[in-house]
Structures are given as C-alpha cells and as structure tokens.
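Trainee: What follows is run11.txt, compact mmCIF, C-alpha atoms.
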```txt
# COMPACT_ATOMS: atom_id res chain seq x y z
CA MET A 623 0.00 0.00 0.00
CA ARG A 624 1.01 3.64 -0.46
CA MET A 625 1.77 5.90 2.48
CA SER A 626 -1.66 7.56 2.24
CA GLU A 627 -3.28 4.14 2.53
CA LEU A 628 -1.00 3.26 5.45
CA SER A 629 -2.21 6.44 7.14
CA VAL A 630 -5.86 5.46 6.64
CA ALA A 631 -5.23 1.90 7.82
CA THR A 632 -3.59 3.04 11.06
CA GLY A 633 -5.33 6.34 11.73
CA ILE A 634 -1.89 7.97 12.01
CA PRO A 635 -1.31 11.20 10.01
CA VAL A 636 1.15 11.05 7.09
CA ALA A 637 3.37 13.69 8.75
CA THR A 638 3.68 11.51 11.85
CA ILE A 639 4.51 8.43 9.78
CA LYS A 640 7.24 10.43 8.00
CA TYR A 641 8.59 11.49 11.40
CA TYR A 642 8.71 7.86 12.56
CA LEU A 643 10.54 6.91 9.34
CA ARG A 644 13.15 9.65 9.89
CA GLU A 645 13.60 8.58 13.53
CA GLY A 646 14.11 4.95 12.56
CA LEU A 647 10.99 3.65 14.31
CA LEU A 648 9.62 2.30 11.05
CA ALA A 649 11.52 0.50 8.30
CA PRO A 650 11.43 2.16 4.87
CA GLY A 651 8.89 0.79 2.43
CA ARG A 652 9.84 -1.13 -0.72
CA PRO A 653 10.87 1.54 -3.25
CA LEU A 654 8.54 1.77 -6.24
CA GLY A 655 10.14 4.78 -7.83
CA ARG A 656 11.05 8.35 -7.09
CA ASN A 657 9.32 9.38 -3.80
CA LEU A 658 7.09 6.34 -3.96
CA ALA A 659 7.24 3.27 -1.74
CA ASP A 660 5.12 0.26 -0.93
CA TYR A 661 4.14 -0.58 2.66
CA ASP A 662 2.71 -3.83 3.99
CA GLU A 663 1.02 -5.37 7.03
CA GLY A 664 4.35 -5.40 8.85
CA HIS A 665 4.34 -1.61 8.72
CA VAL A 666 0.75 -1.47 10.00
CA HIS A 667 1.70 -3.68 12.93
CA ARG A 668 4.85 -1.71 13.74
CA LEU A 669 2.92 1.57 13.76
CA ALA A 670 0.34 0.08 16.14
CA LEU A 671 3.17 -1.01 18.46
CA VAL A 672 4.83 2.43 18.40
CA ARG A 673 1.55 4.18 19.18
CA ALA A 674 0.75 1.73 21.98
CA LEU A 675 4.11 2.38 23.64
CA ALA A 676 3.72 6.15 23.24
CA ASP A 677 0.07 6.37 24.32
CA TYR A 678 -0.11 3.79 27.10
CA GLY A 679 3.50 3.24 28.09
CA GLY A 680 4.00 7.01 28.13
CA LEU A 681 7.44 6.38 26.64
CA PRO A 682 9.51 9.01 24.87
CA ILE A 683 10.48 8.38 21.24
CA VAL A 684 14.13 7.66 22.13
CA THR A 685 13.11 4.84 24.50
CA ILE A 686 10.71 3.42 21.94
CA ARG A 687 13.53 3.39 19.37
CA ASP A 688 15.73 1.45 21.80
CA LEU A 689 12.97 -1.06 22.42
CA ILE A 690 12.23 -1.43 18.72
CA GLY A 691 15.94 -2.15 18.28
CA HIS A 692 15.63 -5.03 20.72
CA VAL A 693 12.49 -6.32 19.03
CA GLU A 694 14.31 -6.29 15.69
CA GLY A 695 16.73 -8.79 17.13
CA ALA A 696 20.02 -7.62 18.51
CA LYS A 697 22.67 -10.28 18.98
CA SER A 698 22.27 -10.71 22.73
CA SER A 699 20.72 -13.85 24.22
CA ARG A 700 16.99 -14.20 24.55
CA TYR A 701 17.25 -13.87 28.30
CA GLY A 702 19.29 -10.72 27.91
CA LEU A 703 16.79 -9.27 25.47
CA LEU A 704 13.90 -9.85 27.82
CA ALA A 705 15.81 -8.34 30.70
CA LEU A 706 16.71 -5.30 28.63
CA ALA A 707 13.15 -4.81 27.40
CA GLN A 708 11.79 -5.19 30.91
CA THR A 709 14.30 -2.71 32.30
CA ALA A 710 13.82 -0.15 29.55
CA MET A 711 10.04 -0.34 29.97
CA THR A 712 9.96 0.75 33.55
CA LYS A 713 10.55 4.16 35.03
CA TRP A 714 13.07 3.81 37.83
CA PRO A 715 13.41 6.94 39.90
CA ALA A 716 16.44 6.68 42.17
CA PRO A 717 15.28 6.04 45.73
CA ARG A 718 15.73 9.24 47.70
CA GLY A 719 17.77 9.06 50.87
CA GLY A 720 16.45 10.24 54.14
CA SER A 721 15.63 8.63 57.41
CA HIS A 722 12.86 6.45 55.98
CA LEU A 723 15.00 4.53 53.51
CA ALA A 724 16.51 2.05 55.97
CA ALA A 725 13.09 1.28 57.45
CA ALA A 726 11.69 0.79 53.96
CA GLU A 727 14.48 -1.67 53.08
CA ARG A 728 13.75 -3.67 56.23
CA LEU A 729 10.00 -3.73 55.54
CA MET A 730 10.61 -4.96 52.00
CA ASP A 731 13.07 -7.64 53.18
CA GLU A 732 10.63 -8.92 55.77
CA MET A 733 7.71 -8.98 53.35
CA MET A 734 9.76 -10.88 50.76
CA ALA A 735 10.87 -13.40 53.39
CA ARG A 736 7.24 -13.91 54.50
CA ARG A 737 6.16 -14.53 50.90
CA GLY A 738 9.13 -16.79 50.18
CA TRP A 739 10.36 -14.48 47.45
CA THR A 740 13.98 -15.55 47.39
CA ARG A 741 15.13 -14.94 43.82
CA SER A 742 15.01 -11.17 43.85
CA ARG A 743 18.03 -9.37 45.22
CA ALA A 744 17.88 -6.13 47.18
CA ALA A 745 19.91 -4.51 44.40
CA HIS A 746 17.42 -5.40 41.66
CA ARG A 747 15.70 -2.41 40.14
CA ALA A 748 12.14 -3.48 40.84
CA VAL A 749 13.05 -4.05 44.48
CA ARG A 750 14.76 -0.63 44.65
CA MET A 751 11.65 0.89 43.10
CA ALA A 752 9.33 -0.69 45.70
CA VAL A 753 11.71 0.38 48.50
CA GLY A 754 11.69 3.92 47.10
CA VAL A 755 7.88 4.03 47.12
CA LEU A 756 7.78 2.70 50.70
CA ALA A 757 10.34 5.30 51.83
CA VAL A 758 8.25 8.11 50.30
CA LEU A 759 5.10 6.73 51.93
CA GLY A 760 7.01 6.82 55.23
CA GLU A 761 7.99 10.43 54.59
CA LEU A 762 4.34 11.27 53.95
CA GLY A 763 3.25 9.51 57.13
CA ARG A 764 1.15 6.97 55.23
CA GLN A 765 1.59 4.08 57.67
CA ASP A 766 -1.84 2.87 56.58
CA MET A 767 -0.66 2.23 53.01
CA ILE A 768 2.63 0.72 54.25
CA ALA A 769 0.66 -1.68 56.44
CA ALA A 770 -1.11 -2.94 53.31
CA LEU A 771 2.20 -4.01 51.67
CA ASP A 772 1.66 -7.74 52.16
CA ALA A 773 -1.86 -7.51 50.78
CA TYR A 774 -0.67 -5.57 47.71
CA ALA A 775 2.13 -8.13 47.21
CA ALA A 776 -0.39 -10.96 47.28
CA ALA A 777 -2.46 -9.18 44.64
CA ALA A 778 0.67 -8.58 42.53
CA ASP A 779 1.42 -12.30 42.80
CA ARG A 780 -1.94 -13.08 41.20
CA ILE A 781 -1.29 -10.61 38.39
CA ALA A 782 2.15 -12.11 37.75
CA ALA A 783 0.67 -15.61 37.60
CA ILE A 784 -1.71 -14.37 34.86
CA ASP A 785 1.22 -12.67 33.06
CA LEU A 786 3.32 -15.81 33.07
CA GLY A 787 0.37 -17.87 31.88
CA VAL A 788 0.04 -15.55 28.86
CA LEU A 789 3.78 -15.69 28.17
CA GLU A 790 3.95 -19.49 28.42
CA GLY A 791 1.02 -19.81 26.06
CA ALA A 792 2.59 -17.43 23.55
CA VAL A 793 6.13 -18.79 23.39
CA ARG A 794 6.71 -22.31 22.11
CA PRO A 795 9.08 -24.37 24.28
CA ASP A 796 11.30 -24.98 21.24
CA ALA A 797 11.23 -21.35 20.19
CA SER A 798 14.62 -20.27 18.96
CA GLY A 799 14.40 -18.49 15.60
CA PRO A 800 14.55 -14.72 15.15
CA LYS A 801 10.76 -14.58 14.65
CA ASP A 802 10.23 -16.33 18.00
CA ARG A 803 12.58 -13.90 19.68
CA GLU A 804 10.81 -10.92 18.16
CA ARG A 805 7.46 -12.27 19.24
CA ALA A 806 8.61 -12.89 22.81
CA VAL A 807 10.26 -9.51 23.24
CA GLU A 808 7.25 -7.74 21.76
CA LEU A 809 4.96 -9.58 24.17
CA VAL A 810 7.08 -8.56 27.17
CA VAL A 811 7.09 -4.94 26.04
CA VAL A 812 3.34 -4.92 25.39
CA ALA A 813 2.52 -6.75 28.62
CA ALA A 814 4.63 -4.37 30.70
CA SER A 815 3.26 -1.12 29.22
CA LEU A 816 -0.32 -1.98 28.30
CA GLY A 817 -0.63 -4.40 31.22
CA ASP A 818 0.19 -1.65 33.72
CA ALA A 819 -2.28 0.72 31.98
CA LEU A 820 -5.01 -1.93 31.95
CA ILE A 821 -4.54 -2.82 35.63
CA SER A 822 -4.50 0.87 36.56
CA ALA A 823 -7.81 1.45 34.75
CA LEU A 824 -9.42 -1.71 36.15
CA ARG A 825 -8.27 -0.72 39.64
CA ARG A 826 -10.09 2.61 39.32
CA ILE A 827 -13.27 0.95 38.08
CA ALA A 828 -13.08 -1.70 40.79
CA GLN A 829 -12.72 0.97 43.50
CA VAL A 830 -16.09 2.36 42.49
CA GLU A 831 -17.61 -1.09 42.33
CA GLN A 832 -16.58 -2.19 45.82
CA PRO A 833 -19.59 -3.57 47.68
CA GLN A 834 -19.27 -1.28 50.74
CA PRO A 835 -19.40 2.35 49.66
CA LEU A 836 -18.36 4.83 52.31
CA GLN A 837 -20.96 7.03 53.99
CA ASP A 838 -23.72 7.16 51.40
CA GLY A 839 -21.14 7.18 48.65
CA GLN A 840 -19.97 10.62 49.71
CA TRP A 841 -16.36 9.47 49.88
CA ALA A 842 -16.67 6.99 47.10
CA LEU A 843 -14.18 7.28 44.29
CA ASP A 844 -15.23 8.32 40.86
CA PRO A 845 -14.11 6.49 37.73
CA GLY A 846 -13.55 9.86 36.07
CA ARG A 847 -16.06 12.24 34.61
CA ALA A 848 -17.72 11.26 31.39
CA VAL A 849 -15.64 12.18 28.40
CA MET B 1280 13.90 26.49 59.91
CA ARG B 1281 15.77 28.45 57.22
CA MET B 1282 15.68 27.42 53.57
CA SER B 1283 19.10 25.78 53.81
CA GLU B 1284 17.82 23.60 56.66
CA LEU B 1285 14.66 22.82 54.70
CA SER B 1286 16.92 21.65 51.87
CA VAL B 1287 18.86 19.35 54.20
CA ALA B 1288 15.69 18.01 55.81
CA THR B 1289 14.13 17.09 52.46
CA GLY B 1290 17.20 16.32 50.35
CA ILE B 1291 15.92 18.79 47.75
CA PRO B 1292 18.37 21.43 46.44
CA VAL B 1293 17.73 25.07 47.38
CA ALA B 1294 17.40 26.04 43.70
CA THR B 1295 14.62 23.47 43.27
CA ILE B 1296 12.82 24.71 46.39
CA LYS B 1297 12.98 28.27 45.03
CA TYR B 1298 11.53 27.01 41.73
CA TYR B 1299 8.64 25.33 43.58
CA LEU B 1300 8.01 28.57 45.50
CA ARG B 1301 7.90 30.58 42.25
CA GLU B 1302 5.55 28.03 40.68
CA GLY B 1303 3.19 28.13 43.65
CA LEU B 1304 3.75 24.50 44.66
CA LEU B 1305 4.96 25.57 48.10
CA ALA B 1306 3.55 28.32 50.32
CA PRO B 1307 5.98 31.11 51.22
CA GLY B 1308 7.67 30.83 54.63
CA ARG B 1309 6.92 33.19 57.50
CA PRO B 1310 8.93 36.36 56.72
CA LEU B 1311 11.75 37.00 59.20
CA GLY B 1312 13.25 39.96 57.42
CA ARG B 1313 14.66 40.93 54.07
CA ASN B 1314 15.29 37.75 52.01
CA LEU B 1315 14.84 35.59 55.10
CA ALA B 1316 11.91 33.33 55.93
CA ASP B 1317 11.03 30.58 58.38
CA TYR B 1318 9.80 27.18 57.17
CA ASP B 1319 8.11 24.45 59.21
CA GLU B 1320 7.08 20.78 59.13
CA GLY B 1321 4.21 21.69 56.84
CA HIS B 1322 6.75 22.74 54.22
CA VAL B 1323 8.72 19.51 54.68
CA HIS B 1324 5.56 17.48 54.16
CA ARG B 1325 4.48 19.49 51.12
CA LEU B 1326 7.89 19.04 49.48
CA ALA B 1327 7.73 15.28 50.09
CA LEU B 1328 4.31 15.23 48.42
CA VAL B 1329 5.48 17.24 45.41
CA ARG B 1330 8.51 14.97 44.90
CA ALA B 1331 6.41 11.84 45.27
CA LEU B 1332 4.00 13.02 42.57
CA ALA B 1333 6.88 14.04 40.27
CA ASP B 1334 9.04 10.93 40.80
CA TYR B 1335 6.45 8.17 41.05
CA GLY B 1336 3.34 9.71 39.52
CA GLY B 1337 5.45 10.98 36.61
CA LEU B 1338 3.32 14.12 36.68
CA PRO B 1339 4.32 17.43 35.11
CA ILE B 1340 4.61 20.47 37.37
CA VAL B 1341 1.42 22.02 36.01
CA THR B 1342 -0.65 18.96 36.98
CA ILE B 1343 0.96 18.83 40.41
CA ARG B 1344 0.02 22.49 40.92
CA ASP B 1345 -3.60 21.72 40.03
CA LEU B 1346 -3.65 18.80 42.46
CA ILE B 1347 -2.04 20.85 45.22
CA GLY B 1348 -4.79 23.41 44.62
CA HIS B 1349 -7.39 20.71 45.30
CA VAL B 1350 -5.55 19.53 48.41
CA GLU B 1351 -5.52 23.08 49.69
CA GLY B 1352 -9.27 23.01 49.66
CA ALA B 1353 -11.17 24.44 46.78
CA LYS B 1354 -14.81 25.16 47.37
CA SER B 1355 -16.21 22.10 45.65
CA SER B 1356 -17.76 19.22 47.59
CA ARG B 1357 -15.65 16.44 49.03
CA TYR B 1358 -17.02 14.07 46.45
CA GLY B 1359 -16.17 16.52 43.70
CA LEU B 1360 -12.64 16.99 45.06
CA LEU B 1361 -11.99 13.27 45.13
CA ALA B 1362 -13.33 12.89 41.62
CA LEU B 1363 -11.15 15.76 40.38
CA ALA B 1364 -8.02 14.42 42.07
CA GLN B 1365 -8.68 10.95 40.74
CA THR B 1366 -9.24 12.27 37.22
CA ALA B 1367 -6.21 14.57 37.22
CA MET B 1368 -3.98 11.74 38.50
CA THR B 1369 -4.55 9.46 35.60
CA LYS B 1370 -3.26 9.69 32.08
CA TRP B 1371 -6.17 9.21 29.76
CA PRO B 1372 -5.12 8.81 26.14
CA ALA B 1373 -8.14 9.10 23.87
CA PRO B 1374 -9.11 5.66 22.59
CA ARG B 1375 -8.05 5.40 18.98
CA GLY B 1376 -10.66 4.45 16.44
CA GLY B 1377 -10.24 1.58 14.09
CA SER B 1378 -11.95 -1.70 13.59
CA HIS B 1379 -10.99 -3.06 17.01
CA LEU B 1380 -12.76 -0.41 19.09
CA ALA B 1381 -16.30 -1.80 18.79
CA ALA B 1382 -15.08 -5.30 19.71
CA ALA B 1383 -13.20 -3.87 22.70
CA GLU B 1384 -16.33 -2.08 23.92
CA ARG B 1385 -18.31 -5.30 23.70
CA LEU B 1386 -15.62 -7.28 25.55
CA MET B 1387 -15.53 -4.69 28.32
CA ASP B 1388 -19.34 -4.61 28.61
CA GLU B 1389 -19.51 -8.37 28.84
CA MET B 1390 -16.74 -8.59 31.45
CA MET B 1391 -18.39 -5.92 33.60
CA ALA B 1392 -21.72 -7.73 33.39
CA ARG B 1393 -20.08 -11.01 34.40
CA ARG B 1394 -18.45 -9.35 37.42
CA GLY B 1395 -21.62 -7.50 38.38
CA TRP B 1396 -19.91 -4.14 37.91
CA THR B 1397 -23.00 -2.01 37.37
CA ARG B 1398 -22.04 1.44 38.66
CA SER B 1399 -19.49 2.34 36.01
CA ARG B 1400 -20.81 3.82 32.80
CA ALA B 1401 -19.32 3.17 29.38
CA ALA B 1402 -18.57 6.91 29.17
CA HIS B 1403 -16.48 6.98 32.36
CA ARG B 1404 -12.85 7.72 31.77
CA ALA B 1405 -11.45 4.60 33.43
CA VAL B 1406 -13.78 2.47 31.32
CA ARG B 1407 -12.75 4.35 28.17
CA MET B 1408 -9.11 3.83 29.15
CA ALA B 1409 -9.58 0.06 29.56
CA VAL B 1410 -11.47 -0.09 26.25
CA GLY B 1411 -8.63 1.81 24.59
CA VAL B 1412 -6.05 -0.66 25.89
CA LEU B 1413 -8.17 -3.61 24.72
CA ALA B 1414 -8.56 -2.05 21.26
CA VAL B 1415 -4.79 -1.61 20.95
CA LEU B 1416 -4.22 -5.19 22.11
CA GLY B 1417 -6.63 -6.24 19.37
CA GLU B 1418 -4.69 -4.20 16.80
CA LEU B 1419 -1.48 -5.93 17.94
CA GLY B 1420 -3.10 -9.36 17.66
CA ARG B 1421 -2.65 -10.06 21.39
CA GLN B 1422 -5.74 -12.26 21.82
CA ASP B 1423 -3.88 -14.04 24.62
CA MET B 1424 -3.77 -10.92 26.78
CA ILE B 1425 -7.37 -10.03 25.88
CA ALA B 1426 -8.45 -13.50 26.98
CA ALA B 1427 -6.96 -12.76 30.41
CA LEU B 1428 -9.23 -9.71 30.94
CA ASP B 1429 -11.50 -11.40 33.50
CA ALA B 1430 -8.51 -12.66 35.46
CA TYR B 1431 -6.90 -9.19 35.49
CA ALA B 1432 -10.23 -7.67 36.57
CA ALA B 1433 -10.46 -10.11 39.48
CA ALA B 1434 -6.94 -9.14 40.57
CA ALA B 1435 -7.85 -5.43 40.25
CA ASP B 1436 -10.87 -6.09 42.44
CA ARG B 1437 -8.58 -7.38 45.19
CA ILE B 1438 -6.36 -4.31 44.91
CA ALA B 1439 -9.39 -2.00 45.08
CA ALA B 1440 -10.63 -3.78 48.21
CA ILE B 1441 -7.25 -3.08 49.85
CA ASP B 1442 -7.41 0.56 48.64
CA LEU B 1443 -10.86 1.10 50.10
CA GLY B 1444 -9.82 -0.51 53.38
CA VAL B 1445 -6.99 2.01 53.65
CA LEU B 1446 -9.29 4.91 52.79
CA GLU B 1447 -11.98 3.83 55.26
CA GLY B 1448 -9.39 3.54 58.00
CA ALA B 1449 -7.97 6.96 57.23
CA VAL B 1450 -11.16 9.01 56.99
CA ARG B 1451 -13.42 9.34 60.02
CA PRO B 1452 -17.11 8.81 59.28
CA ASP B 1453 -17.90 12.26 60.72
CA ALA B 1454 -15.05 13.92 58.83
CA SER B 1455 -16.14 17.29 57.54
CA GLY B 1456 -13.59 20.02 58.38
CA PRO B 1457 -11.06 21.42 55.91
CA LYS B 1458 -8.27 19.33 57.53
CA ASP B 1459 -10.28 16.14 56.96
CA ARG B 1460 -10.85 17.13 53.38
CA GLU B 1461 -7.18 17.84 52.82
CA ARG B 1462 -6.23 14.52 54.38
CA ALA B 1463 -8.71 12.59 52.26
CA VAL B 1464 -7.74 14.24 49.00
CA GLU B 1465 -4.04 13.80 49.72
CA LEU B 1466 -4.62 10.11 50.42
CA VAL B 1467 -6.44 9.63 47.12
CA VAL B 1468 -3.66 11.42 45.25
CA VAL B 1469 -0.93 9.42 46.99
CA ALA B 1470 -2.79 6.12 46.66
CA ALA B 1471 -3.36 6.66 42.94
CA SER B 1472 0.20 7.65 42.02
CA LEU B 1473 2.35 5.73 44.50
CA GLY B 1474 -0.09 2.83 44.58
CA ASP B 1475 0.25 2.32 40.82
CA ALA B 1476 4.05 2.54 41.09
CA LEU B 1477 4.15 0.08 43.99
CA ILE B 1478 1.89 -2.44 42.24
CA SER B 1479 3.94 -2.12 39.04
CA ALA B 1480 7.19 -2.85 40.93
CA LEU B 1481 5.66 -5.72 42.93
CA ARG B 1482 4.25 -7.18 39.70
CA ARG B 1483 7.76 -7.29 38.19
CA ILE B 1484 9.24 -8.93 41.29
CA ALA B 1485 6.37 -11.41 41.47
CA GLN B 1486 6.90 -12.39 37.81
CA VAL B 1487 10.42 -13.51 38.69
CA GLU B 1488 9.20 -15.31 41.78
CA GLN B 1489 6.53 -17.37 40.07
CA PRO B 1490 6.91 -21.04 41.03
CA GLN B 1491 7.05 -22.39 37.45
CA PRO B 1492 9.87 -20.71 35.55
CA LEU B 1493 9.84 -21.27 31.83
CA GLN B 1494 12.35 -23.61 30.21
CA ASP B 1495 15.24 -23.52 32.67
CA GLY B 1496 14.57 -19.86 33.35
CA GLN B 1497 15.65 -18.99 29.84
CA TRP B 1498 12.48 -17.02 29.24
CA ALA B 1499 12.08 -15.91 32.82
CA LEU B 1500 11.66 -12.23 33.39
CA ASP B 1501 14.31 -10.20 35.11
CA PRO B 1502 13.49 -7.68 37.85
CA GLY B 1503 15.95 -5.27 36.28
CA ARG B 1504 19.69 -5.33 36.37
CA ALA B 1505 21.35 -4.44 39.63
CA VAL B 1506 21.62 -0.70 40.03
```
Would you write out, as structure tokens, the structure that this file holds?
Mentor:
Amino acid sequence: MRMSELSVATGIPVATIKYYLREGLLAPGRPLGRNLADYDEGHVHRLALVRALADYGGLPIVTIRDLIGHVEGAKSSRYGLLALAQTAMTKWPAPRGGSHLAAAERLMDEMMARRGWTRSRAAHRAVRMAVGVLAVLGELGRQDMIAALDAYAAAADRIAAIDLGVLEGAVRPDASGPKDRERAVELVVVAASLGDALISALRRIAQVEQPQPLQDGQWALDPGRAV
Amino acid sequence: MRMSELSVATGIPVATIKYYLREGLLAPGRPLGRNLADYDEGHVHRLALVRALADYGGLPIVTIRDLIGHVEGAKSSRYGLLALAQTAMTKWPAPRGGSHLAAAERLMDEMMARRGWTRSRAAHRAVRMAVGVLAVLGELGRQDMIAALDAYAAAADRIAAIDLGVLEGAVRPDASGPKDRERAVELVVVAASLGDALISALRRIAQVEQPQPLQDGQWALDPGRAV
C-alpha cells in the first residue's frame, strides 16, 4: 500500500509516519520509484506497536527506538533481550535518601521473606523501586498504606501468575528463531506497558464497584467524569 | 527552619525549592526579614508530596500544581474533590478508532456484566481507558492478553478492596472540616500515584518469583539489572 493508505489503515497522520521513518521507528517501504514506496502489514503492525508504547507506556520516542531495536533482534541472548526490554520499559526513579529509607528496606526484606520471594536481590531495580515508594510513603506519614504491603504483594502475585500464563502460552518451548525472539520480546514490552495501563484502569473501576461504599457514597471514588 | 535547613531536611536542592516557590507548589515561609523566611514541618511534608508526585506519579509540574490546589481546599464538595483528584492523576489517552474499538467495547461490557460491575458507565474515563487498551491489544493481535481480561479484573478487584480498606481507616465517618478534606484528598492522590508505582514494581518482582519458571529460566523475566 502507499503511504496515504497506510495512514488510513492506522489512523496515524502522514506527517507523523514520516517522522517515525526519519527517527528509525519504522523500516522504509519497498521503493517503487522516485518518492514512492510500498508498505505492507508489517508496517501497520509496527505503527500500532509504536503508538501503543507512546500512548499507554507514556514512553519518549528515544526509549521506543531502543525497544524497537531489541524487538528487531540484537545479537544478545533471549534472556538478555527480555531483561533489557523489561528494564527499559519501567521508570526507575532513584530512591531518595532520608531517614525512611533504611526502614523501607527492612519492611521490603521482611515482606519478601514472609512470601518466600527468594530470587530477587535487594539490588534489583524493581526491588529498589518498591523500596523507594515505601520510603516516600514513610515520609508522607502513610503508615496505613505501608501496612497494606503484604496484601498488595499478594495481589501482585496473582497478576504475575496471569502474566506468566500468557507468556507461556505465547512462546513455544522450542522457540529459537529470530521470529520467536521478536514475538517474545514484543509480548514482554506490550505486557509491561499496556498491562500496567489496563490494571491501573481496572483498579479505578473496581474501587467504584466495591460492595461497601463509604458514607452514602460521599467518599466513594469516581471512575472519572464522562468524556 | 531556614531554607538551607529545609533543603537538608528534604534532600531537595535550594534552587529546586525556590523554583517550587515561584511556581506556587509551596507556600511562602513566615517572613523574618529581608530575604529571610522561616519554614516548618508543613513545608517539609508538602515538598515530600510534590517529589512523590513528580518521581512516582510521573506528573508534570502544572498537573501537580492543580492537584495541590485541590488539596488546599477548593470550594467544591468532598465528592467533587476526590473525583477531580482521581481524574487529574490518571493519564487518559483518547481511545483510537479503528476496527478493534467496537469489539473492545463489547468485551468490556460483557466482562463488567459477568463481574456485576454495574455502577461504572461506558462513558467513564477509566472504562474508556480500559477499552482503549483492549482495542490496541486487538490491533497488535494479542488475543492471549485479551483473553486474560477477566482474570486481570479479578486481581484489580482485590487491589481495590485493599485501597478502600486504607481509605476507610484513614477518613473518620464524621469527617467534615477542611483538615479532613485535605487529608482525604491527599490520600487519594498518593494512593493513585504511588499505589500504581508500587503495584507495578511488585508485579515485576512477582513475575520472577513465580513457582514455574519457563524452560530452565531462559524465558524468565528479570526484575531489572542491579543498580
């Protein structure tokens, strides 16, 4: 298809598609002549992926380009690719110091011991991220949210079990070719960004739908005004 | 305390504190003389809140200023304040059109009916957000993630039950003064931003800790390289 048809198929303006081409987010089409190229379903799919990462992952173009690079199959191992994609996908603010950091580290350690979470190291980024959030909650005096850590971890465990079920179903045990690698990395990227967005939205809906509204609904949460 | 002490107490550079003062994110200190002011614990707390929203909510300064305005007690009702805070906290990309949108709306309707979620309207922002994610997953051919919608919704229900437990514990049934309102709105803001960040981090840790790693851990997810 021509670029104008690609624009119609994806709902993305021609100017934006040209920008993605210049930035290397989209492979050039098959040349048909001067200023004319042919695009296919691969381009439609790639554009959908780029928009998903921008809209729901909230990722800047430079991060999306890095991720696309991984999806296109760098030479690192599959494990390394997944780790890289996972790391690149997540915002990792450095934990701020302060008097609450040590207490947060201890709380996290104790919770992980209680759950039998033994593979994650204190130095791992996701653990640092959780510790950082706990330290800030301590700073803000939110002992009530900190006290709910084990309950939130149990809920996260359920989500992760669903995630892994999806991943196991999607990746063949004998997967090894470049197409398999691309598919696996793309799934991790999509699951991390769109999964977080989906859970965040469902959490807001579920808050409203809880069976025990507070005080005649006066304190009940709102799922957002109608658009 | 003087501004230099406020900087030490919060770990935030003096230049950044001055920027927050100029932008109206922080109330001026009590004047002690020319170019000299006194700051108190209220300022420490406010700075912690601003940094939490910036670091973990990923919010721009202008949004934080709007939220701070709500926390400071606009004239709207408590319900209205909570709704505003909740709405401002969440990124809401407009659902993109395309052939997958109608299918996504139907899937969402059906899931909500199965769960007995009857209070949320199709026009509510959180519902639109979930529909948008489902439509994009459809575009990307991720039927496997779409098939997990009910399971993710059940997990979100658990998280929301924890959220509401925290909120009920924090807000007295007879709460009505401006301090109560501030406390409630701040909790909603903190729970939305830091809660999402905490769940996202715990989800990544829990993925690694799932009892059935894939294929000798080759496809296992990594919680992020050591920092």
Trainee: May I have the residues within 10 Å of Ala1333 in chain B as a list in words, using only C-alpha atoms and disregarding those fewer than 5 positions away in the same chain?
Mentor: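 The filter keeps Pro715 of chain A; Ala1327, Leu1328, Leu1338, Pro1339, Ile1340, Thr1342, Ile1343 and Ser1472 of chain B.
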Trainee: With all atoms listed in the file as the basis for distance, which of A:Glu808, A:Asp779, A:Glu627, A:Glu727 is at the shortest distance from chain B?
Mentor: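 That would be A:Asp779, the residue with the smallest distance to chain B.
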Trainee: Report as JSON, numbers by chain all protein, DNA and RNA residues lying within 12 Å of Ser629 in chain A, evaluated on only C-alpha atoms, omitting residues in the same chain fewer than 2 positions from it.
Mentor: {"A": [623, 624, 625, 626, 627, 631, 632, 633, 634, 635, 636, 637, 638, 639, 640, 661, 662, 665, 666, 669, 670], "B": [1377]}
Trainee: Would you save the residues from that selection as a PDB file, in the coordinates of the input, using C-alpha atoms?
Mentor:
```
ATOM      1  CA  MET A 623       0.000   0.000   0.000  1.00  0.00           C
ATOM      2  CA  ARG A 624       1.010   3.640  -0.460  1.00  0.00           C
ATOM      3  CA  MET A 625       1.770   5.900   2.480  1.00  0.00           C
ATOM      4  CA  SER A 626      -1.660   7.560   2.240  1.00  0.00           C
ATOM      5  CA  GLU A 627      -3.280   4.140   2.530  1.00  0.00           C
ATOM      6  CA  ALA A 631      -5.230   1.900   7.820  1.00  0.00           C
ATOM      7  CA  THR A 632      -3.590   3.040  11.060  1.00  0.00           C
ATOM      8  CA  GLY A 633      -5.330   6.340  11.730  1.00  0.00           C
ATOM      9  CA  ILE A 634      -1.890   7.970  12.010  1.00  0.00           C
ATOM     10  CA  PRO A 635      -1.310  11.200  10.010  1.00  0.00           C
ATOM     11  CA  VAL A 636       1.150  11.050   7.090  1.00  0.00           C
ATOM     12  CA  ALA A 637       3.370  13.690   8.750  1.00  0.00           C
ATOM     13  CA  THR A 638       3.680  11.510  11.850  1.00  0.00           C
ATOM     14  CA  ILE A 639       4.510   8.430   9.780  1.00  0.00           C
ATOM     15  CA  LYS A 640       7.240  10.430   8.000  1.00  0.00           C
ATOM     16  CA  TYR A 661       4.140  -0.580   2.660  1.00  0.00           C
ATOM     17  CA  ASP A 662       2.710  -3.830   3.990  1.00  0.00           C
ATOM     18  CA  HIS A 665       4.340  -1.610   8.720  1.00  0.00           C
ATOM     19  CA  VAL A 666       0.750  -1.470  10.000  1.00  0.00           C
ATOM     20  CA  LEU A 669       2.920   1.570  13.760  1.00  0.00           C
ATOM     21  CA  ALA A 670       0.340   0.080  16.140  1.00  0.00           C
TER      22      ALA A 670
ATOM     23  CA  GLY B1377     -10.240   1.580  14.090  1.00  0.00           C
TER      24      GLY B1377
END
```
Trainee: Nearest to chain B among A:Val807, A:Leu786, A:Leu647, A:Val672, with distances taken over all atoms listed in the file: which residue is it?
Mentor: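 Residue with the minimum atom-to-atom distance to chain B: A:Leu786.
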Trainee: Given only C-alpha atoms as the basis, pick out the residue of B:Val1341, B:Ile1347, B:Leu1380, B:Ala1331 nearest to chain A.
Mentor: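 The closest residue to chain A is B:Ala1331.
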Trainee: So how far away is CA of Val830 in chain A from CA of Leu762 in chain A, in Å?
Mentor: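 About the pair CA of Leu762 in chain A and CA of Val830 in chain A: they are 25.1 Å apart.
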Trainee: In Å, how far is it from CA of Ile1478 in chain B to CA of Tyr1299 in chain B?
Mentor: 28.6 Å
Trainee: Give me the residues within 7 Å of Ala1435 in chain B as number ranges by chain, counting only C-alpha atoms and dropping any in the same chain fewer than 3 places off.
Mentor: A: 821, 824-825, 828; B: 1431-1432, 1438-1439
Trainee: Return the single residue from B:Asp1317, B:Glu1447, B:Asp1345, B:Asp1388 that is closest to chain A, with distances computed using all atoms listed in the file.
Mentor: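 Among the listed residues, the smallest separation from chain A belongs to B:Glu1447.
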Trainee: Near Ser1479 in chain B, counting only C-alpha atoms, which residues have an atom at most 9 Å away, once you skip same-chain residues fewer than 6 positions from it, shown as a list in words?
Mentor: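 My reading of the contact set: Thr712, Ala748, Ala752, Ala778, Ala814 and Asp818 of chain A.
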Trainee: Select, from A:Asp677, A:Ala649, A:Pro717, A:Gly691, the residue with the minimum atom-to-atom distance to chain B, counting all atoms listed in the file.
Mentor: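 Between A:Asp677, A:Ala649, A:Pro717, A:Gly691, the residue approaching chain B most closely is A:Asp677.
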Trainee: For CA of Tyr678 in chain A and CA of Ala1382 in chain B, quote the distance in Å rounded to one decimal.
Mentor: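 Interatomic distance, CA of Tyr678 in chain A to CA of Ala1382 in chain B: 19.0 Å.
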